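Colleague: File final.txt follows (compact mmCIF, C-alpha atoms and all ligand atoms):
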```txt
# COMPACT_ATOMS: atom_id res chain seq x y z
CA MET A 261 52.23 101.73 133.33
CA GLU A 262 52.72 104.19 136.17
CA GLU A 263 53.29 107.76 135.03
CA VAL A 264 56.74 109.13 135.90
CA LYS A 265 56.29 112.35 137.88
CA LYS A 266 58.31 115.43 137.04
CA ARG A 267 60.75 116.53 139.71
CA VAL A 268 60.85 119.77 141.70
CA LEU A 269 63.87 120.96 143.69
CA SER A 270 64.40 123.94 145.96
CA MET A 271 66.51 124.90 148.95
CA LEU A 272 66.50 127.47 151.73
CA GLN A 273 69.45 128.91 153.61
CA PRO A 274 69.29 128.19 157.36
CA THR A 275 70.81 131.56 158.23
CA GLY A 276 68.11 132.77 160.63
CA THR A 277 64.37 132.49 161.12
CA PHE A 278 62.41 132.49 157.85
CA THR A 279 60.59 135.69 157.02
CA LEU A 280 57.31 136.42 155.27
CA GLY A 281 59.47 136.91 152.14
CA ASN A 282 60.77 133.35 152.33
CA TYR A 283 57.24 132.12 153.04
CA PHE A 284 55.31 133.88 150.28
CA GLY A 285 58.20 133.82 147.80
CA ALA A 286 59.11 130.18 148.27
CA ILE A 287 57.93 127.87 151.10
CA LYS A 288 54.18 128.40 150.70
CA ASN A 289 54.49 127.45 147.04
CA PHE A 290 56.37 124.25 147.89
CA ILE A 291 53.30 122.79 149.60
CA PRO A 292 50.78 122.27 146.73
CA LEU A 293 53.57 121.04 144.43
CA GLN A 294 53.90 117.94 146.63
CA ASP A 295 50.72 116.45 145.18
CA GLU A 296 51.69 116.78 141.55
CA TYR A 297 55.47 116.31 141.51
CA GLU A 298 58.26 114.37 143.13
CA CYS A 299 59.62 117.09 145.41
CA VAL A 300 63.12 117.35 146.82
CA TYR A 301 63.75 120.17 149.30
CA ALA A 302 66.76 120.96 151.47
CA MET A 303 68.44 123.28 153.91
CA ALA A 304 71.36 124.88 152.05
CA ASP A 305 73.79 124.79 154.99
CA LEU A 306 76.84 124.65 152.69
CA HIS A 307 75.69 127.95 151.19
CA ALA A 308 75.17 129.39 154.67
CA ILE A 309 78.90 129.53 155.50
CA THR A 310 79.64 131.93 152.64
CA VAL A 311 78.80 134.44 155.40
CA ARG A 312 80.49 133.86 158.78
CA GLN A 313 78.32 131.72 161.10
CA GLU A 314 78.83 131.04 164.77
CA PRO A 315 78.89 127.17 165.02
CA ALA A 316 76.30 126.84 167.82
CA ALA A 317 74.01 129.33 166.07
CA LEU A 318 74.33 127.51 162.74
CA ARG A 319 73.46 124.18 164.38
CA GLN A 320 70.42 125.77 166.02
CA ASN A 321 69.33 127.55 162.86
CA VAL A 322 69.47 124.31 160.87
CA MET A 323 67.27 122.54 163.46
CA LYS A 324 64.84 125.46 163.60
CA SER A 325 64.65 125.98 159.85
CA TYR A 326 64.04 122.28 159.23
CA ALA A 327 61.28 122.15 161.88
CA LEU A 328 59.74 125.34 160.55
CA THR A 329 59.70 124.01 156.99
CA LEU A 330 57.88 120.90 158.23
CA ALA A 331 55.47 123.10 160.19
CA CYS A 332 54.67 125.02 157.00
CA GLY A 333 53.37 121.79 155.49
CA ILE A 334 56.19 119.75 153.94
CA ASP A 335 55.03 116.15 154.27
CA LEU A 336 57.82 113.58 154.52
CA GLU A 337 55.47 110.88 153.23
CA LYS A 338 55.41 112.75 149.94
CA SER A 339 58.65 114.74 149.72
CA ILE A 340 62.32 114.56 150.64
CA LEU A 341 63.67 117.26 153.00
CA PHE A 342 67.37 116.90 153.77
CA LEU A 343 70.48 118.78 154.92
CA GLN A 344 72.80 119.72 152.04
CA SER A 345 75.98 119.11 154.06
CA GLN A 346 74.95 115.46 154.63
CA VAL A 347 74.96 114.62 150.91
CA HIS A 348 78.57 114.98 149.77
CA GLU A 349 77.65 114.84 146.08
CA HIS A 350 76.75 118.57 146.26
CA ALA A 351 80.35 119.56 147.01
CA GLU A 352 81.66 117.03 144.48
CA LEU A 353 79.56 118.20 141.56
CA ALA A 354 80.09 121.86 142.50
CA TRP A 355 83.84 121.42 142.04
CA ILE A 356 83.42 119.88 138.62
CA LEU A 357 80.93 122.55 137.49
CA ASN A 358 83.31 125.28 138.71
CA CYS A 359 85.54 124.21 135.84
CA TYR A 360 82.70 124.82 133.36
CA THR A 361 81.74 128.27 134.66
CA GLN A 362 83.46 131.48 133.63
CA PHE A 363 84.83 134.13 135.99
CA GLY A 364 82.97 136.77 133.96
CA GLU A 365 79.62 135.02 134.40
CA LEU A 366 80.02 134.91 138.18
CA SER A 367 81.16 138.54 138.29
CA ARG A 368 77.79 139.60 136.89
CA MET A 369 75.71 138.00 139.66
CA THR A 370 73.85 140.73 141.53
CA GLN A 371 73.59 138.70 144.75
CA PHE A 372 77.42 138.50 144.79
CA LYS A 373 77.69 142.23 144.29
CA ASP A 374 75.14 142.94 147.06
CA LYS A 375 76.60 140.47 149.55
CA SER A 376 80.23 141.44 148.94
CA ALA A 377 79.29 145.08 149.57
CA LYS A 378 77.46 144.05 152.75
CA HIS A 379 80.30 141.83 154.01
CA ALA A 380 83.29 143.79 152.68
CA ASP A 381 85.60 142.27 155.31
CA ASN A 382 84.92 138.71 154.11
CA VAL A 383 84.57 138.52 150.33
CA ASN A 384 85.58 134.85 150.21
CA ALA A 385 85.85 132.58 147.17
CA GLY A 386 82.78 130.65 148.32
CA LEU A 387 80.64 133.77 148.10
CA PHE A 388 81.84 134.19 144.53
CA THR A 389 81.24 130.57 143.45
CA TYR A 390 77.97 130.26 145.42
CA PRO A 391 75.85 130.10 142.22
CA VAL A 392 77.87 127.11 140.99
CA LEU A 393 77.01 125.19 144.16
CA MET A 394 73.39 126.18 143.57
CA ALA A 395 73.63 124.86 139.99
CA ALA A 396 75.02 121.58 141.36
CA ASP A 397 72.11 121.37 143.85
CA ILE A 398 69.61 121.59 141.03
CA LEU A 399 71.35 119.56 138.32
CA LEU A 400 72.19 116.66 140.66
CA TYR A 401 68.48 115.87 140.95
CA GLN A 402 67.69 116.35 137.26
CA ALA A 403 65.00 118.80 138.40
CA ASP A 404 62.33 119.92 135.93
CA TYR A 405 61.16 122.87 138.06
CA VAL A 406 62.72 125.10 140.71
CA PRO A 407 60.29 127.16 142.86
CA ILE A 408 62.11 130.33 143.96
CA GLY A 409 61.60 134.01 144.69
CA ALA A 410 62.41 136.55 141.97
CA ASP A 411 65.83 137.32 143.53
CA GLN A 412 67.09 133.88 142.47
CA LYS A 413 66.11 134.14 138.80
CA GLN A 414 69.58 135.16 137.67
CA HIS A 415 71.12 132.14 139.44
CA LEU A 416 68.67 129.88 137.69
CA GLU A 417 69.57 131.32 134.30
CA LEU A 418 73.23 130.63 135.05
CA THR A 419 72.30 127.05 136.04
CA ARG A 420 70.60 126.58 132.68
CA ASN A 421 73.66 127.94 130.86
CA ILE A 422 76.03 125.63 132.73
CA ALA A 423 73.77 122.63 132.01
CA GLU A 424 73.49 123.44 128.32
CA ARG A 425 77.24 124.00 128.04
CA PHE A 426 78.03 120.65 129.63
CA ASN A 427 75.39 118.86 127.54
CA THR A 428 76.83 120.35 124.34
CA LEU A 429 80.46 119.60 125.23
CA TYR A 430 79.75 115.95 126.11
CA SER A 431 76.25 114.60 125.45
CA PRO A 432 72.89 115.17 127.15
CA THR A 433 73.67 114.73 130.85
CA PHE A 434 71.58 117.26 132.75
CA LYS A 435 67.92 118.18 132.57
CA VAL A 436 67.69 121.94 131.85
CA PRO A 437 65.38 123.27 134.63
CA ASP A 438 62.68 125.95 134.54
CA PRO A 439 62.01 128.39 137.40
CA LEU A 440 58.61 128.60 139.10
CA ILE A 441 58.27 132.20 140.33
CA PRO A 442 54.96 133.18 141.98
CA LYS A 443 52.95 136.05 140.48
CA THR A 444 52.36 137.73 143.82
CA GLY A 445 54.86 137.41 146.64
CA ALA A 446 57.87 136.86 144.38
CA ARG A 447 59.54 139.86 145.97
CA ILE A 448 58.36 140.91 149.42
CA MET A 449 60.11 144.14 150.38
CA SER A 450 61.56 145.42 153.64
CA LEU A 451 58.97 147.12 155.88
CA GLN A 452 61.48 149.88 156.64
CA GLU A 453 63.07 150.40 153.20
CA PRO A 454 60.48 149.18 150.70
CA THR A 455 62.88 149.43 147.75
CA LYS A 456 65.03 146.64 149.30
CA LYS A 457 63.97 143.00 149.55
CA MET A 458 62.89 141.70 152.95
CA SER A 459 65.81 139.67 154.29
CA LYS A 460 66.17 137.53 157.41
CA SER A 461 69.75 138.74 157.86
CA ASP A 462 68.77 142.43 157.98
CA PRO A 463 70.16 143.92 161.22
CA ASN A 464 66.98 146.02 161.63
CA VAL A 465 64.40 143.61 163.10
CA ASN A 466 61.57 146.00 162.23
CA SER A 467 62.33 145.52 158.54
CA PHE A 468 61.06 141.92 158.46
CA VAL A 469 58.34 139.75 159.94
CA SER A 470 59.69 136.40 161.05
CA LEU A 471 57.45 133.33 160.91
CA LEU A 472 57.91 133.00 164.68
CA ASP A 473 56.93 136.56 165.62
CA ASP A 474 53.97 136.65 168.01
CA THR A 475 50.76 138.53 167.21
CA ASP A 476 51.71 141.71 169.09
CA THR A 477 55.09 141.89 167.38
CA VAL A 478 53.56 141.33 163.95
CA ILE A 479 51.00 144.07 164.49
CA ARG A 480 53.60 146.47 165.87
CA LYS A 481 55.95 145.87 162.90
CA PHE A 482 53.18 146.59 160.39
CA LYS A 483 52.12 149.67 162.35
CA ARG A 484 55.67 150.99 161.98
CA ALA A 485 55.96 150.09 158.28
CA VAL A 486 57.15 152.94 156.08
CA THR A 487 54.42 154.22 153.69
CA ASP A 488 53.78 157.61 152.00
CA SER A 489 51.79 160.73 152.73
CA GLU A 490 48.94 160.23 150.23
CA ALA A 491 46.75 158.29 152.68
CA CYS A 492 45.03 156.33 149.91
CA VAL A 493 45.27 152.54 149.61
CA ARG A 494 45.96 152.05 145.91
CA PHE A 495 48.64 150.26 143.90
CA ALA A 496 50.74 152.80 141.98
CA GLU A 497 54.27 153.60 140.92
CA GLY A 498 56.27 155.35 143.63
CA LYS A 499 54.06 153.98 146.44
CA ASP A 500 56.57 151.24 147.31
CA GLY A 501 55.52 150.85 150.94
CA ILE A 502 51.79 150.56 150.20
CA ASN A 503 52.41 148.36 147.14
CA ASN A 504 54.36 146.00 149.36
CA LEU A 505 51.65 145.89 152.05
CA MET A 506 49.04 145.26 149.36
CA GLY A 507 51.20 142.43 148.02
CA ILE A 508 51.44 140.86 151.48
CA TYR A 509 47.68 141.27 152.10
CA SER A 510 46.96 139.74 148.71
CA CYS A 511 49.23 136.73 149.43
CA ALA A 512 47.60 136.18 152.82
CA THR A 513 43.96 136.55 151.70
CA GLY A 514 43.99 135.64 147.99
CA LYS A 515 42.31 139.01 147.22
CA THR A 516 43.24 140.96 144.10
CA TYR A 517 44.61 144.51 144.24
CA GLU A 518 41.28 145.84 142.96
CA GLU A 519 39.39 144.07 145.73
CA ILE A 520 41.81 145.46 148.30
CA GLU A 521 41.46 149.01 146.96
CA LYS A 522 37.69 148.70 147.22
CA GLU A 523 37.81 147.23 150.72
CA PHE A 524 39.88 150.17 152.02
CA GLU A 525 38.28 152.96 150.03
CA GLY A 526 37.92 156.02 152.27
CA LYS A 527 39.94 154.39 155.06
CA GLY A 528 43.33 155.53 156.33
CA TYR A 529 46.66 153.71 156.48
CA GLY A 530 46.15 152.95 160.18
CA ASP A 531 43.15 150.69 159.43
CA PHE A 532 44.92 149.06 156.50
CA LYS A 533 48.12 148.34 158.44
CA LEU A 534 46.11 146.81 161.29
CA ALA A 535 44.21 144.59 158.83
CA VAL A 536 47.45 143.41 157.23
CA GLY A 537 48.98 142.71 160.66
CA GLU A 538 45.93 140.73 161.80
CA VAL A 539 45.68 138.58 158.70
CA VAL A 540 49.41 137.83 158.77
CA ALA A 541 49.28 136.93 162.49
CA ASP A 542 46.37 134.54 161.72
CA THR A 543 48.39 132.95 158.93
CA LEU A 544 51.34 132.39 161.26
CA LYS A 545 49.47 131.01 164.27
CA PRO A 546 48.88 127.42 163.04
CA ILE A 547 52.46 127.25 161.71
CA GLN A 548 53.83 128.31 165.09
CA GLU A 549 51.69 125.75 166.95
CA LYS A 550 52.98 122.94 164.77
CA TYR A 551 56.54 124.23 165.00
CA ASN A 552 56.45 124.22 168.80
CA GLN A 553 55.54 120.52 168.77
CA ILE A 554 58.23 119.50 166.27
CA ILE A 555 61.18 121.50 167.63
CA THR A 556 61.06 119.80 171.03
CA ASP A 557 61.48 116.34 169.51
CA LYS A 558 65.19 116.22 168.71
CA ALA A 559 65.24 112.44 168.22
CA TYR A 560 62.51 112.70 165.59
CA LEU A 561 64.38 115.46 163.76
CA GLU A 562 67.63 113.49 163.78
CA ALA A 563 65.86 110.42 162.40
CA CYS A 564 64.40 112.59 159.62
CA PHE A 565 67.86 113.97 158.75
CA ALA A 566 69.36 110.49 158.39
CA ASP A 567 66.49 108.98 156.43
CA ASN A 568 66.14 111.90 154.03
CA ALA A 569 69.90 112.26 153.39
CA MET A 570 69.92 108.62 152.34
CA LYS A 571 67.00 109.11 149.96
CA ALA A 572 68.58 112.22 148.42
CA GLU A 573 71.98 110.59 148.01
CA ARG A 574 70.47 107.71 146.05
CA ILE A 575 69.37 110.18 143.36
CA ALA A 576 72.44 112.43 143.52
CA ARG A 577 74.95 109.58 143.25
CA LYS A 578 73.57 108.51 139.86
CA THR A 579 74.19 111.96 138.40
CA VAL A 580 77.72 112.25 139.82
CA SER A 581 78.68 108.82 138.41
CA LYS A 582 77.35 109.81 135.01
CA VAL A 583 79.24 113.12 135.07
CA MET A 584 82.51 111.51 136.18
CA LYS A 585 82.38 109.04 133.30
CA LYS A 586 81.73 111.81 130.78
CA VAL A 587 84.57 113.96 132.09
CA GLY A 588 86.96 111.00 131.76
CA TYR A 589 87.61 109.95 135.34
CA ILE A 590 88.47 106.34 136.08
CA ILE A 591 85.88 104.75 138.34
CA ASN A 592 86.81 101.68 140.41
CA LYS A 593 84.69 98.63 139.70
P1 LIG A 601 69.59 135.99 153.53
O1 LIG A 601 68.75 137.09 154.09
O2 LIG A 601 70.28 135.18 154.60
O3 LIG A 601 70.45 136.35 152.40
P2 LIG A 601 67.34 135.07 152.10
O4 LIG A 601 66.19 135.04 153.02
O5 LIG A 601 67.47 136.15 151.13
O6 LIG A 601 68.63 134.94 152.97
P3 LIG A 601 67.13 132.21 151.38
O7 LIG A 601 66.80 131.73 152.72
O8 LIG A 601 68.17 131.41 150.74
O9 LIG A 601 67.52 133.75 151.25
O10 LIG A 601 65.82 132.21 150.47
C1 LIG A 601 65.01 131.11 150.36
C2 LIG A 601 63.94 131.37 149.34
O11 LIG A 601 63.18 132.52 149.72
C3 LIG A 601 64.48 131.67 147.94
O12 LIG A 601 63.69 130.99 146.99
C4 LIG A 601 64.31 133.15 147.79
O13 LIG A 601 64.10 133.52 146.45
C5 LIG A 601 63.08 133.42 148.61
N1 LIG A 601 63.09 134.78 149.14
C6 LIG A 601 64.01 135.33 149.97
N2 LIG A 601 63.70 136.61 150.27
C7 LIG A 601 62.54 136.89 149.60
C8 LIG A 601 61.70 138.04 149.51
N3 LIG A 601 61.98 139.15 150.16
N4 LIG A 601 60.59 137.96 148.75
C9 LIG A 601 60.28 136.83 148.09
N5 LIG A 601 61.02 135.71 148.14
C10 LIG A 601 62.15 135.71 148.88
N1 LIG A 602 70.54 130.53 146.58
C1 LIG A 602 69.27 130.35 147.19
C2 LIG A 602 69.21 129.14 148.07
C3 LIG A 602 69.52 127.92 147.29
C4 LIG A 602 68.67 127.31 146.29
C5 LIG A 602 69.39 126.17 145.82
C6 LIG A 602 67.42 127.63 145.77
C7 LIG A 602 70.64 127.16 147.38
N2 LIG A 602 70.57 126.11 146.51
C8 LIG A 602 68.85 125.36 144.83
C9 LIG A 602 66.88 126.80 144.78
C10 LIG A 602 67.60 125.69 144.31
C11 LIG A 602 68.96 131.65 147.97
O1 LIG A 602 69.83 132.35 148.37
N3 LIG A 602 67.75 131.93 148.19
```
Please, can you express the file's structure as structure tokens?

Modeller:
Amino acid sequence: MEEVKKRVLSMLQPTGTFTLGNYFGAIKNFIPLQDEYECVYAMADLHAITVRQEPAALRQNVMKSYALTLACGIDLEKSILFLQSQVHEHAELAWILNCYTQFGELSRMTQFKDKSAKHADNVNAGLFTYPVLMAADILLYQADYVPIGADQKQHLELTRNIAERFNTLYSPTFKVPDPLIPKTGARIMSLQEPTKKMSKSDPNVNSFVSLLDDTDTVIRKFKRAVTDSEACVRFAEGKDGINNLMGIYSCATGKTYEEIEKEFEGKGYGDFKLAVGEVVADTLKPIQEKYNQIITDKAYLEACFADNAMKAERIARKTVSKVMKKVGYIINK
């Protein structure tokens, strides 16, 4: 008998060009999982409109993010990669789960607190219920594992609570998922304010490295990265800037912190920053080459959207039907 593979699910918001944070915290880890698990990945474009998006820019960002995810190594022969807005079950299940989530639980979400402070003129209900939509994304596919960066851990805990609550109220309906958070790279910090996470929506372009930055830009951004005045490459409390650069260098080379400290013993920050910039630029080059081929083929991308939405919906529909029956809705024969 063929072994049933466990399922992995994760999504990315197409709100700009992915950064090194998105890559090391999430996308890079999606790739090896494809060989062991049944992987379902998506562009969370429903989540994206919790912050105001210009329609033409959103459309472009979805195309670019999808192509970039493929360029990073998602293989459509092995995995599903779809657009969230094309599978209506996400919105359907999110509504139902909203009625099993407490106001108090959502009020404690740190991403809500951060984003409502950042977008004080648009604290919409969607921003508040965002984690419920994320729970629906995961529970629809009965996912066993969810690869994410550390910033999403709290949302995953809420997802588990919602699933357990529903399962207890009715009967086992949802698989309760576990997070997969990488040991290094789980939280890549801003190059300008290393106590804040690197974010693609940061208005200061020097704070992040985008996966499409060219070599000169990458090197310049690392050169300008905020560090400290000790001039010694070592991992220690209070050295946020250097700790972050060491984390990035470690993700890109596979070297441990000890190995990095040894490599740069007696050398200044200038040498270290240049080395980090060079190794990151080398990591990005093959991704950018592949991206440039994919992004020009609009017909191919559109065919992928249609085919993958269909595959995702087949799985999602089963869960929604099950949930509707349990809640007590009448389903037409
Ligand atoms: P925004 O800046 O628009 O809020 P984001 O980049 O923080 O977006 P997503 O695109 O939704 O958020 O993130 C996709 C994945 O990348 C998630 O798994 C998230 O945990 C991870 N991620 C985002 N930023 C970082 C970071 N700085 N370090 C590590 N992982 C990150
Ligand atoms: N909330 C996530 C993006 C996201 C997601 C998901 C991640 C939406 N739905 C489902 C994992 C599983 C973020 O902001 N990074």

Colleague: Skip segment 386-395 of chain A itself and residues of its chain fewer than 5 positions away, then list as a list in words all residues within 8 Å of it, counting only C-alpha atoms.

Modeller: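 Here the answer would be His307, Thr310, Val311, His350, Ala351, Leu353, Ala354, Leu357, Asn358, Thr361, Leu366, Ser367, Phe372, Lys375, Ser376, His415, Leu416, Leu418, Thr419 and Ile422 of chain A.
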
Colleague: Would you mind exporting C-alpha atoms of the selected residues as a PDB file, in the coordinates of the input?

Modeller:
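And here's selection-v9.pdb as it stands now:
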```
ATOM      1  CA  HIS A 307      75.690 127.950 151.190  1.00  0.00           C
ATOM      2  CA  THR A 310      79.640 131.930 152.640  1.00  0.00           C
ATOM      3  CA  VAL A 311      78.800 134.440 155.400  1.00  0.00           C
ATOM      4  CA  HIS A 350      76.750 118.570 146.260  1.00  0.00           C
ATOM      5  CA  ALA A 351      80.350 119.560 147.010  1.00  0.00           C
ATOM      6  CA  LEU A 353      79.560 118.200 141.560  1.00  0.00           C
ATOM      7  CA  ALA A 354      80.090 121.860 142.500  1.00  0.00           C
ATOM      8  CA  LEU A 357      80.930 122.550 137.490  1.00  0.00           C
ATOM      9  CA  ASN A 358      83.310 125.280 138.710  1.00  0.00           C
ATOM     10  CA  THR A 361      81.740 128.270 134.660  1.00  0.00           C
ATOM     11  CA  LEU A 366      80.020 134.910 138.180  1.00  0.00           C
ATOM     12  CA  SER A 367      81.160 138.540 138.290  1.00  0.00           C
ATOM     13  CA  PHE A 372      77.420 138.500 144.790  1.00  0.00           C
ATOM     14  CA  LYS A 375      76.600 140.470 149.550  1.00  0.00           C
ATOM     15  CA  SER A 376      80.230 141.440 148.940  1.00  0.00           C
ATOM     16  CA  HIS A 415      71.120 132.140 139.440  1.00  0.00           C
ATOM     17  CA  LEU A 416      68.670 129.880 137.690  1.00  0.00           C
ATOM     18  CA  LEU A 418      73.230 130.630 135.050  1.00  0.00           C
ATOM     19  CA  THR A 419      72.300 127.050 136.040  1.00  0.00           C
ATOM     20  CA  ILE A 422      76.030 125.630 132.730  1.00  0.00           C
TER      21      ILE A 422
END
```

Colleague: Check the smallest atom-to-atom distance from each of A:Ile547, A:Ala403, A:Ile590, A:Met369 to Leu269 of chain A using only C-alpha atoms, then report the winner.

Modeller: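 When distances to Leu269 of chain A are compared using only C-alpha atoms, the smallest one comes from A:Ala403.
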
Colleague: Which residues sit within 10 Å of ligand LIG 602 (chain A), counting only C-alpha atoms and all ligand atoms, listed as a PyMOL selection string?

Modeller: chain A and resi 268-275+282+285-286+300-308+344+350+371+390-399+403+405-413+415-416+419+439

Colleague: Restricting the output to C-alpha atoms, write the selected residues as a PDB file, in the coordinates of the input.

Modeller:
```pdb
ATOM      1  CA  VAL A 268      60.850 119.770 141.700  1.00  0.00           C
ATOM      2  CA  LEU A 269      63.870 120.960 143.690  1.00  0.00           C
ATOM      3  CA  SER A 270      64.400 123.940 145.960  1.00  0.00           C
ATOM      4  CA  MET A 271      66.510 124.900 148.950  1.00  0.00           C
ATOM      5  CA  LEU A 272      66.500 127.470 151.730  1.00  0.00           C
ATOM      6  CA  GLN A 273      69.450 128.910 153.610  1.00  0.00           C
ATOM      7  CA  PRO A 274      69.290 128.190 157.360  1.00  0.00           C
ATOM      8  CA  THR A 275      70.810 131.560 158.230  1.00  0.00           C
ATOM      9  CA  ASN A 282      60.770 133.350 152.330  1.00  0.00           C
ATOM     10  CA  GLY A 285      58.200 133.820 147.800  1.00  0.00           C
ATOM     11  CA  ALA A 286      59.110 130.180 148.270  1.00  0.00           C
ATOM     12  CA  VAL A 300      63.120 117.350 146.820  1.00  0.00           C
ATOM     13  CA  TYR A 301      63.750 120.170 149.300  1.00  0.00           C
ATOM     14  CA  ALA A 302      66.760 120.960 151.470  1.00  0.00           C
ATOM     15  CA  MET A 303      68.440 123.280 153.910  1.00  0.00           C
ATOM     16  CA  ALA A 304      71.360 124.880 152.050  1.00  0.00           C
ATOM     17  CA  ASP A 305      73.790 124.790 154.990  1.00  0.00           C
ATOM     18  CA  LEU A 306      76.840 124.650 152.690  1.00  0.00           C
ATOM     19  CA  HIS A 307      75.690 127.950 151.190  1.00  0.00           C
ATOM     20  CA  ALA A 308      75.170 129.390 154.670  1.00  0.00           C
ATOM     21  CA  GLN A 344      72.800 119.720 152.040  1.00  0.00           C
ATOM     22  CA  HIS A 350      76.750 118.570 146.260  1.00  0.00           C
ATOM     23  CA  GLN A 371      73.590 138.700 144.750  1.00  0.00           C
ATOM     24  CA  TYR A 390      77.970 130.260 145.420  1.00  0.00           C
ATOM     25  CA  PRO A 391      75.850 130.100 142.220  1.00  0.00           C
ATOM     26  CA  VAL A 392      77.870 127.110 140.990  1.00  0.00           C
ATOM     27  CA  LEU A 393      77.010 125.190 144.160  1.00  0.00           C
ATOM     28  CA  MET A 394      73.390 126.180 143.570  1.00  0.00           C
ATOM     29  CA  ALA A 395      73.630 124.860 139.990  1.00  0.00           C
ATOM     30  CA  ALA A 396      75.020 121.580 141.360  1.00  0.00           C
ATOM     31  CA  ASP A 397      72.110 121.370 143.850  1.00  0.00           C
ATOM     32  CA  ILE A 398      69.610 121.590 141.030  1.00  0.00           C
ATOM     33  CA  LEU A 399      71.350 119.560 138.320  1.00  0.00           C
ATOM     34  CA  ALA A 403      65.000 118.800 138.400  1.00  0.00           C
ATOM     35  CA  TYR A 405      61.160 122.870 138.060  1.00  0.00           C
ATOM     36  CA  VAL A 406      62.720 125.100 140.710  1.00  0.00           C
ATOM     37  CA  PRO A 407      60.290 127.160 142.860  1.00  0.00           C
ATOM     38  CA  ILE A 408      62.110 130.330 143.960  1.00  0.00           C
ATOM     39  CA  GLY A 409      61.600 134.010 144.690  1.00  0.00           C
ATOM     40  CA  ALA A 410      62.410 136.550 141.970  1.00  0.00           C
ATOM     41  CA  ASP A 411      65.830 137.320 143.530  1.00  0.00           C
ATOM     42  CA  GLN A 412      67.090 133.880 142.470  1.00  0.00           C
ATOM     43  CA  LYS A 413      66.110 134.140 138.800  1.00  0.00           C
ATOM     44  CA  HIS A 415      71.120 132.140 139.440  1.00  0.00           C
ATOM     45  CA  LEU A 416      68.670 129.880 137.690  1.00  0.00           C
ATOM     46  CA  THR A 419      72.300 127.050 136.040  1.00  0.00           C
ATOM     47  CA  PRO A 439      62.010 128.390 137.400  1.00  0.00           C
TER      48      PRO A 439
END
```

Colleague: Between A:Ile334, A:Val322, A:Met506, A:Leu544, which is the closest to Leu293 of chain A once you count only C-alpha atoms?

Modeller: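 Checking each of A:Ile334, A:Val322, A:Met506, A:Leu544 against Leu293 of chain A, counting only C-alpha atoms, the winner is A:Ile334.
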
Colleague: Kindly give the distance, in Å, that separates atom CA of Gln548 of chain A and atom CA of Ala331 of chain A, rounded to a single decimal.

Modeller: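 Interatomic distance here is 7.3 Å.
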
Colleague: So the first atom is atom CA of Met584 of chain A and the second is atom CA of Val347 of chain A; what is the distance between them in Å, to one decimal place?

Modeller: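 According to the coordinates, atom CA of Met584 of chain A and atom CA of Val347 of chain A are separated by 16.8 Å.
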